[in-house]
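Colleague: The following file, protein_18.cif, comprises mmCIF, C-alpha atoms and all ligand atoms:
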```cif
data_structure
loop_
_atom_site.label_atom_id
_atom_site.label_comp_id
_atom_site.auth_asym_id
_atom_site.auth_seq_id
_atom_site.Cartn_x
_atom_site.Cartn_y
_atom_site.Cartn_z
CA MET Q 30 -24.05 7.59 0.69
CA SER Q 31 -20.76 9.41 1.04
CA LYS Q 32 -18.56 11.99 -0.66
CA VAL Q 33 -14.83 11.39 -0.69
CA ILE Q 34 -11.74 13.01 -2.19
CA ILE Q 35 -9.06 10.75 -3.64
CA ILE Q 36 -5.67 12.48 -3.87
CA GLY Q 37 -3.35 11.14 -6.57
CA ALA Q 38 -4.18 9.65 -9.96
CA GLY Q 39 -1.62 6.87 -10.40
CA GLY Q 40 -2.05 3.12 -10.69
CA VAL Q 41 -3.46 2.66 -7.19
CA ALA Q 42 -5.84 5.64 -7.35
CA GLY Q 43 -7.29 4.33 -10.63
CA VAL Q 44 -8.20 1.02 -8.99
CA THR Q 45 -9.68 2.62 -5.86
CA ALA Q 46 -11.76 5.03 -7.95
CA LYS Q 47 -13.12 2.18 -10.12
CA LYS Q 48 -13.93 0.13 -7.03
CA CYS Q 49 -15.81 3.15 -5.61
CA ALA Q 50 -17.72 3.26 -8.92
CA GLN Q 51 -18.66 -0.42 -8.45
CA ASN Q 52 -19.62 0.22 -4.81
CA ASP Q 53 -22.04 3.06 -5.47
CA ALA Q 54 -24.28 2.05 -2.56
CA VAL Q 55 -21.54 3.50 -0.31
CA PHE Q 56 -19.73 6.05 -2.48
CA SER Q 57 -22.02 8.69 -4.00
CA GLU Q 58 -19.51 11.35 -5.13
CA VAL Q 59 -15.76 11.13 -5.68
CA LEU Q 60 -13.43 14.00 -6.51
CA ILE Q 61 -10.04 12.86 -7.85
CA ALA Q 62 -7.53 15.64 -7.18
CA THR Q 63 -3.92 15.41 -8.27
CA ARG Q 64 -0.92 17.27 -9.63
CA THR Q 65 -1.42 16.36 -13.31
CA VAL Q 66 -5.18 16.60 -13.78
CA SER Q 67 -5.14 14.90 -17.20
CA LYS Q 68 -4.36 11.61 -15.37
CA ALA Q 69 -7.46 12.04 -13.19
CA ASP Q 70 -9.52 12.91 -16.28
CA LYS Q 71 -8.33 9.68 -17.92
CA ILE Q 72 -9.47 7.61 -14.92
CA VAL Q 73 -12.90 9.28 -15.00
CA ALA Q 74 -13.20 8.71 -18.77
CA GLU Q 75 -12.45 5.01 -18.22
CA ILE Q 76 -15.05 4.86 -15.43
CA HIS Q 77 -17.67 6.30 -17.80
CA GLN Q 78 -16.60 3.81 -20.47
CA TYR Q 79 -16.35 0.64 -18.35
CA PHE Q 80 -18.80 1.35 -15.50
CA PRO Q 81 -21.59 3.33 -17.24
CA GLN Q 82 -24.18 1.92 -14.84
CA SER Q 83 -22.48 3.41 -11.74
CA LYS Q 84 -24.55 6.00 -9.87
CA CYS Q 85 -21.44 7.44 -8.24
CA LYS Q 86 -20.59 10.92 -9.63
CA PHE Q 87 -16.94 11.66 -10.44
CA SER Q 88 -15.14 14.95 -10.93
CA THR Q 89 -11.49 16.03 -11.06
CA ALA Q 90 -9.31 18.89 -9.82
CA THR Q 91 -5.70 20.00 -9.74
CA VAL Q 92 -4.00 20.21 -6.37
CA ASP Q 93 -0.49 20.45 -5.03
CA ALA Q 94 -0.70 18.12 -2.05
CA ASP Q 95 2.52 19.55 -0.57
CA ASN Q 96 0.61 22.78 0.02
CA VAL Q 97 -1.69 22.76 3.07
CA PRO Q 98 -3.69 25.94 2.21
CA ALA Q 99 -4.37 24.55 -1.30
CA LEU Q 100 -5.59 21.29 0.23
CA VAL Q 101 -7.74 23.12 2.79
CA LYS Q 102 -9.41 25.10 -0.01
CA LEU Q 103 -10.01 21.94 -2.05
CA ILE Q 104 -11.58 20.14 0.93
CA ASN Q 105 -13.69 23.13 1.98
CA ASP Q 106 -15.02 23.58 -1.56
CA PHE Q 107 -16.04 19.90 -1.93
CA ARG Q 108 -16.91 19.06 1.73
CA PRO Q 109 -16.16 15.30 1.69
CA GLU Q 110 -16.49 13.01 4.70
CA MET Q 111 -12.97 11.74 4.19
CA VAL Q 112 -9.81 12.00 2.11
CA ILE Q 113 -8.21 8.87 0.63
CA ASN Q 114 -4.53 9.73 0.15
CA LEU Q 115 -3.13 7.80 -2.82
CA ALA Q 116 -0.42 10.31 -3.70
CA LEU Q 117 3.08 9.58 -2.36
CA PRO Q 118 4.29 9.03 1.22
CA TYR Q 119 5.88 12.52 1.09
CA GLN Q 120 2.40 14.08 1.18
CA ASP Q 121 1.01 12.21 4.22
CA LEU Q 122 1.61 14.94 6.80
CA THR Q 123 0.38 17.88 4.72
CA ILE Q 124 -2.81 15.97 3.91
CA MET Q 125 -3.28 14.99 7.57
CA ASP Q 126 -2.82 18.65 8.54
CA ALA Q 127 -5.45 19.70 6.00
CA CYS Q 128 -7.87 17.02 7.25
CA LEU Q 129 -7.45 18.28 10.82
CA GLU Q 130 -8.05 21.87 9.75
CA THR Q 131 -11.20 21.02 7.80
CA GLY Q 132 -12.59 18.29 10.08
CA VAL Q 133 -12.55 15.29 7.71
CA HIS Q 134 -11.33 11.72 8.18
CA TYR Q 135 -8.11 10.41 6.58
CA LEU Q 136 -6.79 7.17 5.06
CA ASP Q 137 -3.51 6.33 3.30
CA THR Q 138 -1.62 3.28 2.02
CA ALA Q 139 2.01 4.10 2.91
CA ASN Q 140 3.62 5.73 5.92
CA TYR Q 141 5.28 9.13 5.84
CA GLU Q 142 8.74 9.39 4.35
CA PRO Q 143 10.71 12.64 4.12
CA LYS Q 144 11.76 13.30 0.54
CA ASP Q 145 15.41 14.01 1.35
CA VAL Q 146 16.05 11.02 3.68
CA ALA Q 147 15.40 7.42 2.55
CA LYS Q 148 13.76 6.51 5.83
CA PHE Q 149 10.23 5.61 6.77
CA GLU Q 150 8.73 5.07 10.19
CA TYR Q 151 5.41 5.65 11.91
CA SER Q 152 6.67 8.13 14.54
CA TRP Q 153 5.72 11.18 12.45
CA GLN Q 154 2.15 10.02 11.92
CA TRP Q 155 1.65 8.49 15.37
CA ALA Q 156 2.50 11.95 16.73
CA TYR Q 157 -0.91 13.07 15.35
CA GLN Q 158 -2.76 10.72 17.74
CA ASP Q 159 -3.99 13.35 20.22
CA LYS Q 160 -4.89 15.90 17.55
CA PHE Q 161 -7.12 13.44 15.67
CA ARG Q 162 -8.66 12.02 18.85
CA GLU Q 163 -9.45 15.46 20.27
CA LYS Q 164 -11.21 16.47 17.05
CA GLY Q 165 -13.21 13.22 16.91
CA LEU Q 166 -11.54 12.34 13.60
CA MET Q 167 -10.06 9.05 12.41
CA ALA Q 168 -6.80 8.56 10.50
CA LEU Q 169 -6.29 5.03 9.20
CA LEU Q 170 -2.66 4.41 8.23
CA GLY Q 171 -1.37 2.02 5.60
CA CYS Q 172 -4.57 0.44 4.30
CA GLY Q 173 -3.27 -1.14 1.08
CA PHE Q 174 -2.16 -4.77 0.89
CA ASP Q 175 1.27 -4.61 2.48
CA PRO Q 176 0.91 -2.58 4.62
CA GLY Q 177 -2.81 -3.10 5.13
CA ALA Q 178 -4.26 -6.53 4.41
CA THR Q 179 -1.13 -8.15 5.89
CA GLN Q 180 -1.96 -6.52 9.23
CA ALA Q 181 -5.59 -7.68 9.03
CA MET Q 182 -4.18 -11.17 8.35
CA THR Q 183 -2.02 -10.88 11.48
CA ALA Q 184 -5.06 -9.73 13.49
CA HIS Q 185 -7.02 -12.67 12.05
CA HIS Q 186 -4.30 -15.11 13.21
CA ALA Q 187 -4.42 -13.54 16.68
CA LYS Q 188 -8.22 -13.54 16.87
CA HIS Q 189 -9.06 -16.92 15.36
CA HIS Q 190 -6.00 -19.19 15.53
CA PHE Q 191 -3.42 -18.32 18.17
CA LYS Q 192 -3.22 -17.86 21.91
CA GLU Q 193 0.26 -16.42 21.30
CA ILE Q 194 2.01 -15.60 18.02
CA HIS Q 195 5.79 -16.10 18.36
CA TYR Q 196 7.10 -16.00 14.78
CA LEU Q 197 5.56 -13.96 11.97
CA ASP Q 198 6.63 -14.01 8.32
CA ILE Q 199 4.96 -11.74 5.79
CA VAL Q 200 5.59 -12.99 2.25
CA ASP Q 201 5.02 -11.05 -0.97
CA CYS Q 202 5.44 -12.81 -4.31
CA ASN Q 203 4.90 -11.20 -7.66
CA ASN Q 204 5.14 -14.09 -10.10
CA GLY Q 205 4.04 -11.89 -12.97
CA ASN Q 206 5.69 -10.96 -16.24
CA HIS Q 207 5.18 -7.55 -17.85
CA GLY Q 208 7.61 -8.16 -20.69
CA LYS Q 209 9.84 -5.13 -19.95
CA ALA Q 210 13.57 -5.40 -19.23
CA PHE Q 211 13.18 -3.40 -16.03
CA ALA Q 212 10.18 -1.73 -14.46
CA THR Q 213 8.70 -1.29 -11.00
CA ASN Q 214 5.13 -2.22 -10.13
CA PHE Q 215 4.37 0.89 -8.16
CA ASN Q 216 5.91 4.33 -7.98
CA PRO Q 217 9.55 3.67 -9.06
CA GLU Q 218 11.07 6.23 -6.71
CA ILE Q 219 9.34 4.82 -3.61
CA ASN Q 220 9.90 1.22 -4.73
CA ILE Q 221 13.64 1.60 -5.41
CA ARG Q 222 14.23 3.54 -2.19
CA GLU Q 223 12.61 0.65 -0.30
CA ILE Q 224 14.63 -2.10 -1.97
CA THR Q 225 18.05 -0.47 -1.99
CA ALA Q 226 17.84 0.37 1.73
CA ASN Q 227 19.37 -2.00 4.29
CA GLY Q 228 17.18 -4.92 5.29
CA ARG Q 229 15.86 -5.15 8.84
CA TYR Q 230 13.87 -7.64 10.88
CA PHE Q 231 12.72 -7.90 14.47
CA GLU Q 232 14.16 -10.52 16.83
CA ASN Q 233 13.94 -10.81 20.61
CA GLY Q 234 12.98 -7.20 21.17
CA GLU Q 235 15.59 -5.74 18.82
CA TRP Q 236 15.91 -4.75 15.18
CA VAL Q 237 18.55 -6.71 13.29
CA GLU Q 238 20.05 -4.82 10.35
CA THR Q 239 21.19 -6.63 7.16
CA GLN Q 240 22.78 -5.58 3.91
CA PRO Q 241 20.21 -4.98 1.12
CA LEU Q 242 18.87 -8.37 -0.09
CA GLU Q 243 21.41 -10.23 2.10
CA ILE Q 244 19.07 -12.93 3.46
CA ALA Q 245 17.18 -15.16 1.02
CA GLN Q 246 15.38 -18.50 0.86
CA ASP Q 247 13.16 -20.38 -1.57
CA ILE Q 248 9.54 -20.10 -0.50
CA TYR Q 249 6.60 -22.04 -1.93
CA TYR Q 250 3.66 -19.76 -2.71
CA PRO Q 251 0.54 -21.99 -2.85
CA ASN Q 252 -0.93 -22.42 -6.35
CA VAL Q 253 1.66 -20.00 -7.78
CA ALA Q 254 5.34 -21.05 -7.64
CA THR Q 255 8.43 -21.60 -5.53
CA ARG Q 256 10.41 -18.36 -5.69
CA LYS Q 257 13.61 -17.03 -4.19
CA SER Q 258 12.53 -14.44 -1.62
CA PHE Q 259 14.58 -11.79 0.18
CA VAL Q 260 14.28 -10.21 3.62
CA LEU Q 261 13.69 -6.48 3.43
CA TYR Q 262 12.38 -3.95 5.89
CA HIS Q 263 8.72 -3.12 5.51
CA GLU Q 264 6.80 -0.55 7.49
CA GLU Q 265 4.06 -2.77 8.95
CA LEU Q 266 6.66 -4.72 10.94
CA GLU Q 267 7.03 -1.67 13.21
CA SER Q 268 3.38 -1.42 14.16
CA ILE Q 269 2.75 -5.19 14.28
CA VAL Q 270 5.48 -5.89 16.85
CA LYS Q 271 4.21 -2.95 18.90
CA HIS Q 272 0.63 -4.21 18.91
CA PHE Q 273 1.41 -7.94 19.29
CA PRO Q 274 4.10 -8.02 21.99
CA THR Q 275 4.26 -11.86 22.14
CA ILE Q 276 6.05 -11.82 18.76
CA LYS Q 277 9.69 -12.93 19.12
CA ARG Q 278 10.63 -12.58 15.48
CA ALA Q 279 8.96 -10.78 12.56
CA ARG Q 280 10.29 -10.71 9.01
CA PHE Q 281 9.12 -9.49 5.61
CA TRP Q 282 10.04 -11.38 2.43
CA MET Q 283 9.69 -10.29 -1.19
CA THR Q 284 10.50 -12.05 -4.46
CA PHE Q 285 12.80 -10.50 -7.05
CA GLY Q 286 13.84 -12.04 -10.36
CA GLU Q 287 17.50 -12.29 -11.38
CA SER Q 288 17.08 -9.80 -14.20
CA TYR Q 289 15.47 -7.26 -11.85
CA ILE Q 290 18.34 -7.53 -9.37
CA LYS Q 291 20.94 -7.33 -12.15
CA HIS Q 292 19.44 -4.10 -13.51
CA LEU Q 293 19.09 -2.65 -10.03
CA ASN Q 294 22.73 -3.43 -9.19
CA VAL Q 295 23.92 -1.66 -12.33
CA LEU Q 296 21.68 1.36 -11.73
CA GLU Q 297 22.85 1.58 -8.14
CA GLY Q 298 26.49 1.06 -9.13
CA ILE Q 299 26.43 4.05 -11.46
CA GLY Q 300 24.57 6.29 -9.01
CA MET Q 301 21.20 6.36 -10.80
CA THR Q 302 19.24 5.39 -7.67
CA SER Q 303 20.71 8.19 -5.52
CA ILE Q 304 18.38 10.70 -3.88
CA GLU Q 305 21.21 13.28 -3.57
CA PRO Q 306 20.56 16.03 -6.15
CA ILE Q 307 23.23 16.68 -8.77
CA GLU Q 308 23.70 19.74 -10.95
CA PHE Q 309 22.60 19.08 -14.55
CA ARG Q 310 22.37 21.87 -17.14
CA GLY Q 311 21.87 24.46 -14.42
CA GLN Q 312 19.23 22.44 -12.61
CA GLN Q 313 19.34 20.36 -9.41
CA ILE Q 314 18.02 16.85 -10.13
CA ALA Q 315 17.97 13.77 -7.91
CA PRO Q 316 19.10 10.90 -10.18
CA ILE Q 317 16.28 8.67 -8.90
CA GLU Q 318 13.70 11.24 -10.02
CA PHE Q 319 15.24 11.27 -13.49
CA LEU Q 320 15.24 7.45 -13.49
CA LYS Q 321 11.54 7.51 -12.62
CA ALA Q 322 10.88 9.66 -15.68
CA VAL Q 323 12.71 7.14 -17.91
CA LEU Q 324 11.09 3.97 -16.54
CA PRO Q 325 7.65 2.75 -17.66
CA ALA Q 326 4.79 4.18 -15.57
CA PRO Q 327 3.46 1.34 -13.35
CA GLU Q 328 -0.06 1.69 -14.79
CA SER Q 329 1.31 1.28 -18.33
CA LEU Q 330 2.42 -2.30 -17.52
CA ALA Q 331 -1.11 -3.54 -17.04
CA ALA Q 332 -2.25 -4.43 -20.56
CA ASN Q 333 0.23 -7.25 -21.18
CA TYR Q 334 0.85 -8.47 -17.64
CA THR Q 335 0.53 -12.22 -17.08
CA GLY Q 336 0.96 -14.37 -13.97
CA GLN Q 337 -0.13 -13.93 -10.37
CA THR Q 338 0.66 -12.25 -7.10
CA CYS Q 339 0.56 -14.17 -3.83
CA ILE Q 340 0.78 -12.21 -0.59
CA GLY Q 341 0.25 -13.73 2.83
CA VAL Q 342 1.24 -14.06 6.46
CA GLN Q 343 2.61 -17.16 8.17
CA ALA Q 344 2.27 -17.29 11.94
CA LYS Q 345 3.86 -19.78 14.32
CA GLY Q 346 3.22 -20.07 18.02
CA ILE Q 347 0.76 -21.55 20.49
CA GLY Q 348 -2.67 -22.34 19.06
CA LEU Q 349 -5.94 -21.75 20.87
CA ASP Q 350 -5.79 -25.36 22.14
CA GLY Q 351 -2.41 -24.74 23.78
CA GLN Q 352 -0.49 -26.80 21.19
CA PRO Q 353 2.29 -25.57 18.85
CA LYS Q 354 0.79 -24.38 15.59
CA VAL Q 355 1.72 -22.98 12.19
CA HIS Q 356 -0.85 -21.32 9.95
CA PHE Q 357 -0.78 -19.37 6.67
CA VAL Q 358 -3.36 -16.84 5.43
CA TYR Q 359 -3.01 -15.50 1.87
CA ASN Q 360 -4.49 -14.13 -1.32
CA VAL Q 361 -3.65 -15.05 -4.91
CA LYS Q 362 -4.52 -12.56 -7.64
CA ASP Q 363 -4.14 -12.87 -11.40
CA HIS Q 364 -2.73 -9.83 -13.26
CA ALA Q 365 -4.76 -10.39 -16.43
CA GLU Q 366 -7.98 -10.76 -14.44
CA CYS Q 367 -7.26 -7.38 -12.77
CA TYR Q 368 -6.79 -5.83 -16.18
CA ARG Q 369 -10.07 -7.23 -17.47
CA GLU Q 370 -11.90 -5.86 -14.44
CA VAL Q 371 -10.35 -2.44 -13.84
CA GLN Q 372 -7.65 -1.98 -16.53
CA ALA Q 373 -4.87 -2.31 -13.92
CA GLN Q 374 -2.08 -4.72 -13.02
CA GLY Q 375 -2.17 -6.86 -9.88
CA VAL Q 376 0.04 -4.69 -7.66
CA SER Q 377 -2.13 -1.61 -8.16
CA TYR Q 378 -5.22 -3.80 -7.71
CA THR Q 379 -4.11 -5.45 -4.48
CA THR Q 380 -3.37 -1.98 -3.04
CA GLY Q 381 -6.36 -0.08 -4.41
CA VAL Q 382 -9.05 -2.55 -3.32
CA PRO Q 383 -8.11 -2.57 0.42
CA ALA Q 384 -8.01 1.25 0.29
CA MET Q 385 -11.62 1.29 -0.95
CA ILE Q 386 -12.57 -1.31 1.69
CA GLY Q 387 -10.91 0.63 4.54
CA ALA Q 388 -12.72 3.79 3.43
CA MET Q 389 -16.02 1.90 3.24
CA LEU Q 390 -15.60 0.47 6.76
CA MET Q 391 -14.86 3.95 8.08
CA LEU Q 392 -17.79 5.57 6.27
CA GLN Q 393 -20.21 2.85 7.40
CA GLY Q 394 -19.07 3.31 10.99
CA THR Q 395 -17.84 -0.31 11.29
CA TRP Q 396 -14.24 0.77 11.85
CA LYS Q 397 -14.73 4.44 12.60
CA GLN Q 398 -13.22 5.68 15.87
CA PRO Q 399 -11.31 8.83 16.74
CA GLY Q 400 -7.52 8.73 16.68
CA VAL Q 401 -4.71 7.40 14.51
CA TRP Q 402 -4.96 3.67 13.81
CA ASN Q 403 -3.01 0.88 12.15
CA VAL Q 404 -5.01 -1.85 10.44
CA GLU Q 405 -4.07 -4.65 12.89
CA GLN Q 406 -5.74 -2.71 15.73
CA LEU Q 407 -9.16 -3.05 14.07
CA ASP Q 408 -11.52 -6.04 13.78
CA PRO Q 409 -10.29 -8.16 10.83
CA ASP Q 410 -13.64 -9.96 10.31
CA PRO Q 411 -15.53 -7.24 8.38
CA PHE Q 412 -12.36 -6.52 6.39
CA PHE Q 413 -11.99 -10.18 5.36
CA ALA Q 414 -15.70 -10.36 4.44
CA ALA Q 415 -15.23 -7.31 2.21
CA MET Q 416 -12.01 -8.68 0.67
CA ASN Q 417 -13.90 -11.82 -0.31
CA GLN Q 418 -16.72 -9.73 -1.78
CA TRP Q 419 -14.64 -7.14 -3.64
CA GLY Q 420 -12.11 -9.26 -5.52
CA LEU Q 421 -9.36 -10.36 -3.11
CA PRO Q 422 -10.50 -13.69 -1.68
CA ILE Q 423 -8.64 -14.93 1.39
CA ASN Q 424 -7.30 -18.50 1.60
CA GLU Q 425 -5.92 -20.40 4.57
CA LEU Q 426 -3.43 -23.25 4.81
CA ALA Q 427 -3.09 -25.10 8.10
CA GLY Q 428 -0.10 -27.00 9.46
CA VAL Q 429 2.44 -26.43 6.64
CA GLU Q 430 5.58 -24.40 7.33
CA LEU Q 431 6.26 -22.49 4.09
CA VAL Q 432 8.88 -20.12 5.52
CA LYS Q 433 11.66 -21.89 7.38
CA ASP Q 434 13.63 -20.57 10.36
P1 LIG S 501 2.01 6.69 -8.78
O1 LIG S 501 3.34 7.34 -8.82
O2 LIG S 501 1.52 5.91 -9.95
O3 LIG S 501 0.90 7.81 -8.46
C1 LIG S 501 1.09 8.80 -7.50
C2 LIG S 501 0.13 9.93 -7.83
O4 LIG S 501 0.29 10.95 -6.82
C3 LIG S 501 0.41 10.57 -9.18
O5 LIG S 501 -0.81 10.83 -9.83
C4 LIG S 501 1.11 11.88 -8.80
O6 LIG S 501 0.90 12.93 -9.68
C5 LIG S 501 0.40 12.20 -7.50
N1 LIG S 501 1.22 13.14 -6.73
C6 LIG S 501 2.52 13.03 -6.39
N2 LIG S 501 2.92 14.12 -5.73
C7 LIG S 501 1.84 14.94 -5.65
C8 LIG S 501 1.62 16.22 -5.11
N3 LIG S 501 2.58 16.92 -4.47
N4 LIG S 501 0.40 16.76 -5.23
C9 LIG S 501 -0.60 16.11 -5.85
N5 LIG S 501 -0.46 14.88 -6.40
C10 LIG S 501 0.76 14.31 -6.30
O7 LIG S 501 1.99 5.80 -7.46
P2 LIG S 501 1.11 4.50 -7.18
O8 LIG S 501 -0.29 4.74 -7.60
O9 LIG S 501 1.84 3.32 -7.65
O10 LIG S 501 1.17 4.48 -5.57
C11 LIG S 501 0.35 5.34 -4.80
C12 LIG S 501 0.65 5.15 -3.33
O11 LIG S 501 0.40 3.80 -2.96
C13 LIG S 501 2.13 5.40 -2.95
O12 LIG S 501 2.16 6.09 -1.73
C14 LIG S 501 2.70 4.02 -2.76
O13 LIG S 501 3.78 4.01 -1.85
C15 LIG S 501 1.49 3.31 -2.18
N6 LIG S 501 1.53 1.84 -2.34
C16 LIG S 501 1.13 1.08 -1.27
C17 LIG S 501 1.14 -0.30 -1.37
C18 LIG S 501 0.56 -1.11 -0.26
O14 LIG S 501 0.34 -2.31 -0.46
N7 LIG S 501 0.29 -0.57 0.89
C19 LIG S 501 1.62 -0.99 -2.56
C20 LIG S 501 1.91 -0.10 -3.67
C21 LIG S 501 1.89 1.27 -3.53
P3 LIG S 501 1.77 13.04 -11.06
O15 LIG S 501 1.24 11.95 -11.91
O16 LIG S 501 1.50 14.38 -11.58
O17 LIG S 501 3.21 12.80 -10.67
#
```
Would you mind writing the file out in structure tokens?
Modeller:
Amino acid sequence: MSKVIIIGAGGVAGVTAKKCAQNDAVFSEVLIATRTVSKADKIVAEIHQYFPQSKCKFSTATVDADNVPALVKLINDFRPEMVINLALPYQDLTIMDACLETGVHYLDTANYEPKDVAKFEYSWQWAYQDKFREKGLMALLGCGFDPGATQAMTAHHAKHHFKEIHYLDIVDCNNGNHGKAFATNFNPEINIREITANGRYFENGEWVETQPLEIAQDIYYPNVATRKSFVLYHEELESIVKHFPTIKRARFWMTFGESYIKHLNVLEGIGMTSIEPIEFRGQQIAPIEFLKAVLPAPESLAANYTGQTCIGVQAKGIGLDGQPKVHFVYNVKDHAECYREVQAQGVSYTTGVPAMIGAMLMLQGTWKQPGVWNVEQLDPDPFFAAMNQWGLPINELAGVELVKD
């Protein structure tokens, strides 16, 4: 039985909190702390409405997660075993600092990104390695779906299917329809920064830079659809190629519809996606922050969302029998089914469930070890077992090359 603090009260936090409510054998008390406390209160009200049988106790608090002393006070008052950070990547380091100061474990779903530079990489968080190890604390980085489950899928390939992985393709398809002209499925600011940045993939020991959405191919997503998919840079590529040095090429593919790209091009063309602040009526505002305020909140898309997500990892290389092999591991999730279960759309669901699972495996001791860890460094077997149990069943497809060279 464990006490945890969840920081943030957006789409992902709502799912993780509801999954903690379902898993009350592990989670006994959860404090949801965020900037706008009414959002946390709404999640707790929904938990009382939809999960009245849960024995897990929920409470809420206001916190500014950019402020280390405020976080330290919050943690010292509640005394959790760990903090699940589901705020934004900008808050990762302040929350890690507060965890170190108060002696509690840490988990997040996205790597640190400075607010004023559209750049994300693990170096800032990997620099905490010695501090966490020396204090006997664990920090688990990027335990959502991608990053997160995709790294467990890579570890599963390496453990159960391949002597050597040579080519790795992570594929992320959202074949859903929310009925809006333009909206993002998770935090718009983070999402748009990711997509409008240059693409990048790893080949023969080097990073190859591309224009945004320059490389595309049609990919068949089993039981879902064939969809045009684009190479973009995604953070787990950095840690995967570090931890699996046999990989010669690693790419990340994501689907985007024509209408989405058209809107994005226009918004970019007129400067609305810029992170450079402009002066407006005496105030400094980054256009992308204003755009975020105009766009639908990701959690508001859930009620009418139809269709499925399909996220998986294709590996190619030398199988355990010494023969060339291609293998695909994936999950398919239905948006409407997510809504029926936890009043959320599929993208929040596929992120929030692995966050609960990662926290559970840390609290139970299965994954717990001092230091800063990426998901692919840990045993994928208990994670897969929990994914199957908690709503994200894993499928495998042998011998079919879905992503072409
Ligand atoms: P939302 O924008 O819906 O929610 C973010 C929450 O964090 C909001 O409640 C926000 O408060 C709160 N917050 C932001 N800044 C602060 C602060 N300084 N102090 C306290 N609270 C703060 O985002 P999502 O739920 O969609 O995403 C959550 C995280 O999950 C993000 O880091 C995102 O990058 C990551 N993610 C990871 C994925 C994966 O597969 N690994 C996939 C999708 C998302 P307020 O409402 O007041 O603004």
Colleague: Hey, which residues sit close to ligand LIG 501 (chain S)? Say within 7 Å, counting only C-alpha atoms and all ligand atoms, and write them as a ChimeraX atom specification.
Modeller: /Q:36-42,63-65,68,92-95,115-118,120,138-139,171-177,214-216,219,326-328,376-377,379-380
Colleague: Quick one: of Q:Pro383, Q:Gly234, Q:Gly165, Q:Gly400, who's nearest to Phe273 of chain Q, counting only C-alpha atoms?
Modeller: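 Residue with the minimum atom-to-atom distance to Phe273 of chain Q: Q:Gly234.
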Colleague: Have a look at Q:Gln180, Q:Ser67, Q:Thr338, Q:Asn114 and name the one nearest to Arg256 of chain Q; count all atoms listed in the file.
Modeller: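 Using all atoms listed in the file, the shortest distance to Arg256 of chain Q belongs to Q:Thr338.
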Colleague: Give me the residues near Leu431 of chain Q as a list in words, where near means some atom within 10 Å (using only C-alpha atoms) and where sequence neighbours in that chain fewer than 6 positions away do not count.
Modeller: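 Contacts, with the query itself left out: Asp198, Val200, Asp247, Ile248, Tyr249, Tyr250, Pro251, Thr255, Gln343, Val355, His356 and Phe357 of chain Q.
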Colleague: List as a CSV table (one decimal) with C-alpha atoms, in the coordinates of the input the protein and nucleic acid residues near Gln246 of chain Q, meaning an atom at most 10 Å away when all atoms listed in the file are counted, but skip any in the same chain fewer than 2 places from it.
Modeller:
```
chain,number,residue,atom,x,y,z
Q,244,ILE,CA,19.1,-12.9,3.5
Q,248,ILE,CA,9.5,-20.1,-0.5
Q,249,TYR,CA,6.6,-22.0,-1.9
Q,255,THR,CA,8.4,-21.6,-5.5
Q,256,ARG,CA,10.4,-18.4,-5.7
Q,257,LYS,CA,13.6,-17.0,-4.2
Q,258,SER,CA,12.5,-14.4,-1.6
Q,259,PHE,CA,14.6,-11.8,0.2
Q,260,VAL,CA,14.3,-10.2,3.6
Q,282,TRP,CA,10.0,-11.4,2.4
Q,284,THR,CA,10.5,-12.0,-4.5
Q,432,VAL,CA,8.9,-20.1,5.5
Q,433,LYS,CA,11.7,-21.9,7.4
Q,434,ASP,CA,13.6,-20.6,10.4
```
Colleague: (3.1, 7.1, 13.1) in this file's frame - what residues fall within 10 Å of it? Use only C-alpha atoms and give the answer as a count of residues only.
Modeller: 18
Colleague: What is the atom CA of Pro98 of chain Q to atom CA of Thr123 of chain Q distance in Å?
Modeller: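 Atom-to-atom, atom CA of Pro98 of chain Q to atom CA of Thr123 of chain Q, that is 9.4 Å.
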Colleague: I'd like to know which of Q:Met391, Q:Ile386, Q:Val146, Q:Ala184 is closest to Trp419 of chain Q, using only C-alpha atoms.
Modeller: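 Among the listed residues, Q:Ile386 lies closest to Trp419 of chain Q.
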Colleague: Looking at all atoms listed in the file, which of Q:Ala54, Q:Gln337, Q:Ser83, Q:Glu218 is the one that sits closest to Tyr119 of chain Q?
Modeller: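 Ranked by minimum distance to Tyr119 of chain Q, first place goes to Q:Glu218.
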Colleague: From the set Q:Ala427, Q:Val73, Q:Leu266, Q:Cys85, which residue has the shortest atom-to-atom contact distance to Cys49 of chain Q, counting all atoms listed in the file?
Modeller: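 Closest to Cys49 of chain Q, using all atoms listed in the file: Q:Cys85.
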Colleague: List as a list in words the residues having at least one atom at most 9 Å from position (17.6, 15.3, -2.9) as given in the file, counting all atoms listed in the file.
Modeller: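 Nearby residues: Lys144, Asp145, Val146, Ser303, Ile304, Glu305, Pro306, Ile307, Gln313, Ile314, Ala315 and Pro316 of chain Q.
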